[in-house]
Protein chains: 2
Amino acid sequence: MLQNDLLLRTLRGERTERPPVWLMRQAGRILPEYRKIRSEVSGFKELVSSPQLAAEVTIQPVDILDVDAAIIFSDILVIPEAMGLDYELVEKVGPRFPRTIKSKQDVSALITGTAAAEQLDYVYQAVSLTKKELKDRVPLIGFAGAPFTLLAYMVEGKGSKTFSTARRLLYSDPQLAHTLLQKITETVISYLKQKVRAGVNVLQLFDSWSGVLDRKLYSEFGLRYIRQIVESVDDVPMIVFAKGAWFAQADFIDLKCALGIDWQTAPANARKIFGTDRVLQGNLDPACLLGDRERVSSDTRMMLEQFGPHHIANLGHGVYPMTPLENVHAFIAAVKSYRY
Amino acid sequence: MLQNDLLLRTLRGERTERPPVWLMRQAGRILPEYRKIRSEVSGFKELVSSPQLAAEVTIQPVDILDVDAAIIFSDILVIPEAMGLDYELVEKVGPRFPRTIKSKQDVSALITGTAAAEQLDYVYQAVSLTKKELKDRVPLIGFAGAPFTLLAYMVEGKGSKTFSTARRLLYSDPQLAHTLLQKITETVISYLKQKVRAGVNVLQLFDSWSGVLDRKLYSEFGLRYIRQIVESVDDVPMIVFAKGAWFAQADFIDLKCALGIDWQTAPANARKIFGTDRVLQGNLDPACLLGDRERVSSDTRMMLEQFGPHHIANLGHGVYPMTPLENVHAFIAAVKSYRY
């Protein structure tokens, strides 16, 4: 049904002629066409909450970059918001939560599961509209933040290098942390199921802050909830990206999903841990795309060589906003001209 | 000569009765006595640049916490400043460099080596004064930022989660990056040698941002310069702490120094990589000290058990300012009551 089903075939475990390619944050500030639309609205959140605009910027990279997948333009923080914690996005600073989770009462007051996920109708509308306007050219990826990362923002109230306030909760009141994580997990599950119903073909779970934990804590407060999600939402293939969680790699082996790999993990090492048949996604250093074009092409080819088949070409993190567009094109071209 | 030479004996490779203990950032906001002095001056930089005040806050944790070592109160950014890049410390935001390194001309204009290190006389005075006032109770540790971390600040101009502007330089102009790193390295070497002359007994090198690189980049732009420093400054034992550089651990094996271990690395894994005789420092999760006291004691004992001898007890990163003092005491007490 899809004109380009390279990503889906790869995720089904098939051997394809070349890896599919897309970039985390491909719909965003790297594109002049995105910046134009962004400059005409009041802020990022207006883009996220308007199905028509979200669909438009979601499709831009398919038109302009010719990537093999679209990813719905949204934000992982729509889940905390739907659960009752509003957030603001402060320009050049990041997210800010005026209220944070401090007590049992705060956790009890949260809206949970279907009741929370139902409030995100604008996302499902954006998905439906995007699917319609994409006309089956490429698959559409839906996503959510993983429970620990969402807890981190809900407790910390903002971005942080250490998320020490959030980590304090895991030590000072592990039971409350579990209650909160379970509520987040149920909401994420309901949210992802509704995204699938609205039409997404693939799901990605972003655990952006897993790297601030260690193996034991991540097993207890991170992976346990990711496992629930992976086992509950099995209608479409899922990619789990636990950034910085190198210490927990062995614990991901038996999880039934594809895995995102950050740029710190050498492809050959990832293959040693996960085997040649596991579908892995990543992992070119996004800073490589800030240098010269020839280096982008040669580093990309080297990465493809090292991952081998069963690989989704991507960066090891979101593309940086200051990336020259010609380097993004060079990255994509290097993948598209590659043959196994 | 020193009344308590436990740290020195451990660093010499001797088997001691128990591990020595100190905490990164022990001289700082966890102590009410520090906060009092801090409130009476115009800012952090006034404390750093006043030998009398720096000596006073350096000794506070020896008096109050009874740790086995003092570490001179200073900042890694005094080196960029001495090289010609002033910085400001913005409350609750972090360091800001009004001018950054953008071009070959910027690098050429830097003061380098002895000429730069000579400007840090206030640090050597602080060291001499501290030594005098410490009356040989415990060893005094001097420190510097590792070259890559200093480059990161000098190019980025501020703290960052990704240091993408700094990493861009490694891809866009590796030669300029090397010229800058060599200048930083020569300055750090001269600086550390003068600190030793002023009286420090041990040195620590902080590579706080090594974790944003990968193994290849770290080998070329990080470790190579650390090696120069370790080989040039061999008058006193050195501890190198490359935070987050798990991917480069194997490359540290042959370096002649003790190694700091972050909390993401399980002690048993560190022992597997570095062997039972290598002196390792760390690595309790600093967030553990934000929880309850019993947990601090039991997690500390577990860590000591797993490291075994040839270990310097410390946290896996700097102690968080919001840490309850009773938990700091509990951490130190757990180490002091431990016997191999």
# chains A, B, ... in the order shown; residues from 1 in each chain; ligands from 1
$ select_by_dssp --residues "stretch 142-276 of chain B" --states "alpha helix (DSSP H)" --output "number ranges by chain"
B: 147-156, 164-172, 174-198, 215-218, 224-232, 267-274
$ residues_around --residues "B:Cys288" --least-positions-apart "6" --cutoff "8 Å" --atoms "only C-alpha atoms" --output "PDB file with C-alpha atoms, in the first residue's frame"
ATOM      1  CA  ARG A 168      16.196  12.298  44.497  1.00  0.00           C
ATOM      2  CA  TYR A 171      15.960   7.346  46.481  1.00  0.00           C
TER       3      TYR A 171
ATOM      4  CA  ARG B 295      20.330   3.777  52.337  1.00  0.00           C
ATOM      5  CA  VAL B 296      23.435   6.014  52.171  1.00  0.00           C
TER       6      VAL B 296
END
$ residues_around --residues "B:Lys135" --least-positions-apart "4" --cutoff "9 Å" --atoms "only C-alpha atoms" --output "PyMOL selection string"
chain B and resi 2-3+130-131
$ write_last_selection --atoms "N, CA and C atoms" --output "JSON list (two decimals), in the first residue's frame"
[["chain", "number", "residue", "atom", "x", "y", "z"],
["B", 2, "LEU", "N", 52.82, 13.94, 56.96],
["B", 2, "LEU", "CA", 51.39, 14.20, 57.12],
["B", 2, "LEU", "C", 50.83, 13.35, 58.26],
["B", 3, "GLN", "N", 49.95, 13.94, 59.07],
["B", 3, "GLN", "CA", 49.33, 13.16, 60.14],
["B", 3, "GLN", "C", 48.44, 12.06, 59.57],
["B", 130, "THR", "N", 46.93, 27.56, 52.40],
["B", 130, "THR", "CA", 46.16, 26.40, 52.86],
["B", 130, "THR", "C", 47.09, 25.38, 53.50],
["B", 131, "LYS", "N", 48.22, 25.11, 52.83],
["B", 131, "LYS", "CA", 49.19, 24.15, 53.37],
["B", 131, "LYS", "C", 49.62, 24.57, 54.77]]
$ interface_residues --of "chain A" --to "chain B" --cutoff "8 Å" --atoms "only C-alpha atoms" --output "list in words"
Lys161, Ser164, Arg167, Arg168, Leu169, Tyr171, Ser172, Asp173, Gly211, Val212, Leu213, Asp214, Arg215, Phe247, Trp263, Gln264, Thr265, Ala266, Ala287, Cys288, Leu290, Gly291, Asp292 and Tyr320 of chain A
$ residues_around --residues "stretch 42-58 of chain A" --least-positions-apart "2" --cutoff "10 Å" --atoms "only C-alpha atoms" --output "PyMOL selection string"
chain A and resi 25-28+31+33-35+37-40+60-63+69-75+78+87-91+120-134+140
$ atom_distance --atom1 "atom CA of B:Arg197" --atom2 "atom CA of B:Thr114"
13.7 Å
$ closest_residue --among "B:Met154, B:Val335, B:Val41, B:Ile30" --to "B:Asn314" --atoms "only C-alpha atoms"
B:Val335
$ atom_distance --atom1 "atom CA of B:His329" --atom2 "atom CA of B:Asp68"
13.0 Å
$ residues_around --residues "B:Cys257" --least-positions-apart "4" --cutoff "10 Å" --atoms "only C-alpha atoms" --output "list in words"
Leu11, Leu203, Gln204, Arg227, Val230, Glu231, Asp234, Pro237, Met238, Ile239, Val240, Phe252, Ile253, Arg278, Val279 and Leu280 of chain B
$ write_last_selection --atoms "C-alpha atoms" --output "short mmCIF file (atom, residue, chain, number, x, y, z; two decimals), in the first residue's frame"
data_model
loop_
_atom_site.label_atom_id
_atom_site.label_comp_id
_atom_site.auth_asym_id
_atom_site.auth_seq_id
_atom_site.Cartn_x
_atom_site.Cartn_y
_atom_site.Cartn_z
CA LEU B 11 47.89 6.39 45.59
CA LEU B 203 46.55 16.41 41.43
CA GLN B 204 43.20 15.71 39.83
CA ARG B 227 48.61 11.73 28.27
CA VAL B 230 50.23 12.84 32.94
CA GLU B 231 53.70 12.27 31.47
CA ASP B 234 54.94 13.28 37.54
CA PRO B 237 50.28 11.28 42.03
CA MET B 238 47.52 12.21 39.61
CA ILE B 239 43.85 11.19 39.41
CA VAL B 240 42.15 11.57 36.02
CA PHE B 252 42.97 4.58 29.91
CA ILE B 253 44.44 1.25 30.97
CA ARG B 278 44.60 -0.06 39.76
CA VAL B 279 43.75 2.82 42.09
CA LEU B 280 40.15 3.81 41.34
#
$ residues_around --residues "stretch 177-192 of chain B" --least-positions-apart "6" --cutoff "7 Å" --atoms "only C-alpha atoms" --output "list of chain:residue names"
B:Val107, B:Thr112, B:Gly113, B:Thr114, B:Ala116, B:Ala117, B:Ala144, B:Pro147, B:Phe148, B:Leu151, B:Leu169, B:Leu170, B:Tyr225, B:Ile229, B:Ser232, B:Val233
$ write_last_selection --atoms "N, CA and C atoms" --output "mmCIF file, in the first residue's frame"
data_model
loop_
_atom_site.group_PDB
_atom_site.id
_atom_site.type_symbol
_atom_site.label_atom_id
_atom_site.label_comp_id
_atom_site.auth_asym_id
_atom_site.auth_seq_id
_atom_site.Cartn_x
_atom_site.Cartn_y
_atom_site.Cartn_z
ATOM 1 N N VAL B 107 42.788 32.042 18.374
ATOM 2 C CA VAL B 107 43.713 31.093 19.012
ATOM 3 C C VAL B 107 45.110 31.719 19.114
ATOM 4 N N THR B 112 49.867 31.767 26.452
ATOM 5 C CA THR B 112 50.056 30.314 26.541
ATOM 6 C C THR B 112 51.172 29.918 27.507
ATOM 7 N N GLY B 113 51.054 28.741 28.080
ATOM 8 C CA GLY B 113 52.123 28.137 28.863
ATOM 9 C C GLY B 113 52.433 28.943 30.116
ATOM 10 N N THR B 114 53.722 29.087 30.384
ATOM 11 C CA THR B 114 54.160 29.754 31.607
ATOM 12 C C THR B 114 53.625 31.174 31.710
ATOM 13 N N ALA B 116 50.858 32.349 30.715
ATOM 14 C CA ALA B 116 49.477 32.318 31.214
ATOM 15 C C ALA B 116 49.456 31.864 32.669
ATOM 16 N N ALA B 117 50.179 30.780 32.949
ATOM 17 C CA ALA B 117 50.133 30.193 34.291
ATOM 18 C C ALA B 117 50.653 31.157 35.353
ATOM 19 N N ALA B 144 42.930 20.722 37.802
ATOM 20 C CA ALA B 144 42.756 21.529 36.588
ATOM 21 C C ALA B 144 41.710 20.846 35.725
ATOM 22 N N PRO B 147 42.190 19.330 28.913
ATOM 23 C CA PRO B 147 42.158 20.197 27.729
ATOM 24 C C PRO B 147 40.846 20.177 26.935
ATOM 25 N N PHE B 148 40.260 19.006 26.675
ATOM 26 C CA PHE B 148 39.038 19.030 25.871
ATOM 27 C C PHE B 148 37.921 19.796 26.574
ATOM 28 N N LEU B 151 38.626 23.460 26.169
ATOM 29 C CA LEU B 151 38.275 23.852 24.790
ATOM 30 C C LEU B 151 36.761 23.993 24.656
ATOM 31 N N LEU B 169 33.870 22.335 15.855
ATOM 32 C CA LEU B 169 35.267 22.670 15.548
ATOM 33 C C LEU B 169 36.095 21.416 15.265
ATOM 34 N N LEU B 170 35.820 20.323 15.987
ATOM 35 C CA LEU B 170 36.599 19.097 15.799
ATOM 36 C C LEU B 170 36.397 18.534 14.386
ATOM 37 N N TYR B 225 46.017 14.574 24.872
ATOM 38 C CA TYR B 225 46.514 15.715 25.645
ATOM 39 C C TYR B 225 46.578 15.401 27.136
ATOM 40 N N ILE B 229 49.922 15.547 29.713
ATOM 41 C CA ILE B 229 49.919 16.127 31.063
ATOM 42 C C ILE B 229 50.404 15.096 32.082
ATOM 43 N N SER B 232 54.069 14.666 31.793
ATOM 44 C CA SER B 232 54.886 15.845 32.090
ATOM 45 C C SER B 232 54.881 16.218 33.564
ATOM 46 N N VAL B 233 53.801 15.880 34.229
ATOM 47 C CA VAL B 233 53.681 16.271 35.640
ATOM 48 C C VAL B 233 53.690 15.009 36.475
#
$ atom_distance --atom1 "atom CA of B:Gly308" --atom2 "atom CA of B:Thr276"
7.6 Å
$ select_by_dssp --residues "stretch 29-217 of chain A" --states "strand (DSSP E or B)" --output "ChimeraX atom specification"
/A:70-71,88-90,94-96,140-145,158,202-207
$ write_last_selection --atoms "C-alpha atoms" --output "mmCIF file, in the first residue's frame"
data_model
loop_
_atom_site.group_PDB
_atom_site.id
_atom_site.type_symbol
_atom_site.label_atom_id
_atom_site.label_comp_id
_atom_site.auth_asym_id
_atom_site.auth_seq_id
_atom_site.Cartn_x
_atom_site.Cartn_y
_atom_site.Cartn_z
ATOM 1 C CA ALA A 70 7.882 11.125 8.224
ATOM 2 C CA ILE A 71 7.649 11.598 11.999
ATOM 3 C CA GLU A 88 5.743 26.510 28.733
ATOM 4 C CA LEU A 89 8.538 26.504 26.192
ATOM 5 C CA VAL A 90 10.853 29.398 26.929
ATOM 6 C CA GLY A 94 13.634 25.071 27.132
ATOM 7 C CA PRO A 95 10.570 23.675 28.883
ATOM 8 C CA ARG A 96 9.347 25.041 32.192
ATOM 9 C CA LEU A 140 4.469 7.875 9.373
ATOM 10 C CA ILE A 141 6.222 7.486 12.744
ATOM 11 C CA GLY A 142 4.438 8.395 15.975
ATOM 12 C CA PHE A 143 6.318 8.824 19.212
ATOM 13 C CA ALA A 144 6.179 9.348 22.964
ATOM 14 C CA GLY A 145 8.614 10.056 25.763
ATOM 15 C CA LYS A 158 12.704 21.867 33.563
ATOM 16 C CA VAL A 202 5.702 2.859 13.393
ATOM 17 C CA LEU A 203 6.255 4.067 16.963
ATOM 18 C CA GLN A 204 9.364 5.418 18.623
ATOM 19 C CA LEU A 205 9.883 5.772 22.363
ATOM 20 C CA PHE A 206 12.392 8.436 23.407
ATOM 21 C CA ASP A 207 14.140 7.917 26.748
#
$ closest_residue --among "A:Ile261, A:Asp235, A:Thr16, A:Arg137" --to "A:Arg339" --atoms "only C-alpha atoms"
A:Thr16
$ closest_residue --among "A:Leu65, A:Ala198, A:Leu7, A:Met24" --to "A:Ala258" --atoms "only C-alpha atoms"
A:Leu7
$ residues_around --residues "B:Arg301" --least-positions-apart "2" --cutoff "8 Å" --atoms "only C-alpha atoms" --output "list in words"
Ser297, Ser298, Asp299, Met303, Leu304, Glu305, Ala334, Val335 and Tyr338 of chain B
$ write_last_selection --atoms "C-alpha atoms" --output "PDB file, in the first residue's frame"
ATOM      1  CA  SER B 297      25.237   3.755  54.634  1.00  0.00           C
ATOM      2  CA  SER B 298      24.251   0.491  53.008  1.00  0.00           C
ATOM      3  CA  ASP B 299      24.897   1.644  49.424  1.00  0.00           C
ATOM      4  CA  MET B 303      30.324   0.110  46.865  1.00  0.00           C
ATOM      5  CA  LEU B 304      33.386  -0.376  49.123  1.00  0.00           C
ATOM      6  CA  GLU B 305      32.871  -4.119  49.027  1.00  0.00           C
ATOM      7  CA  ALA B 334      30.312   4.432  56.521  1.00  0.00           C
ATOM      8  CA  VAL B 335      33.734   4.615  54.864  1.00  0.00           C
ATOM      9  CA  TYR B 338      34.825  -0.001  57.058  1.00  0.00           C
TER      10      TYR B 338
END
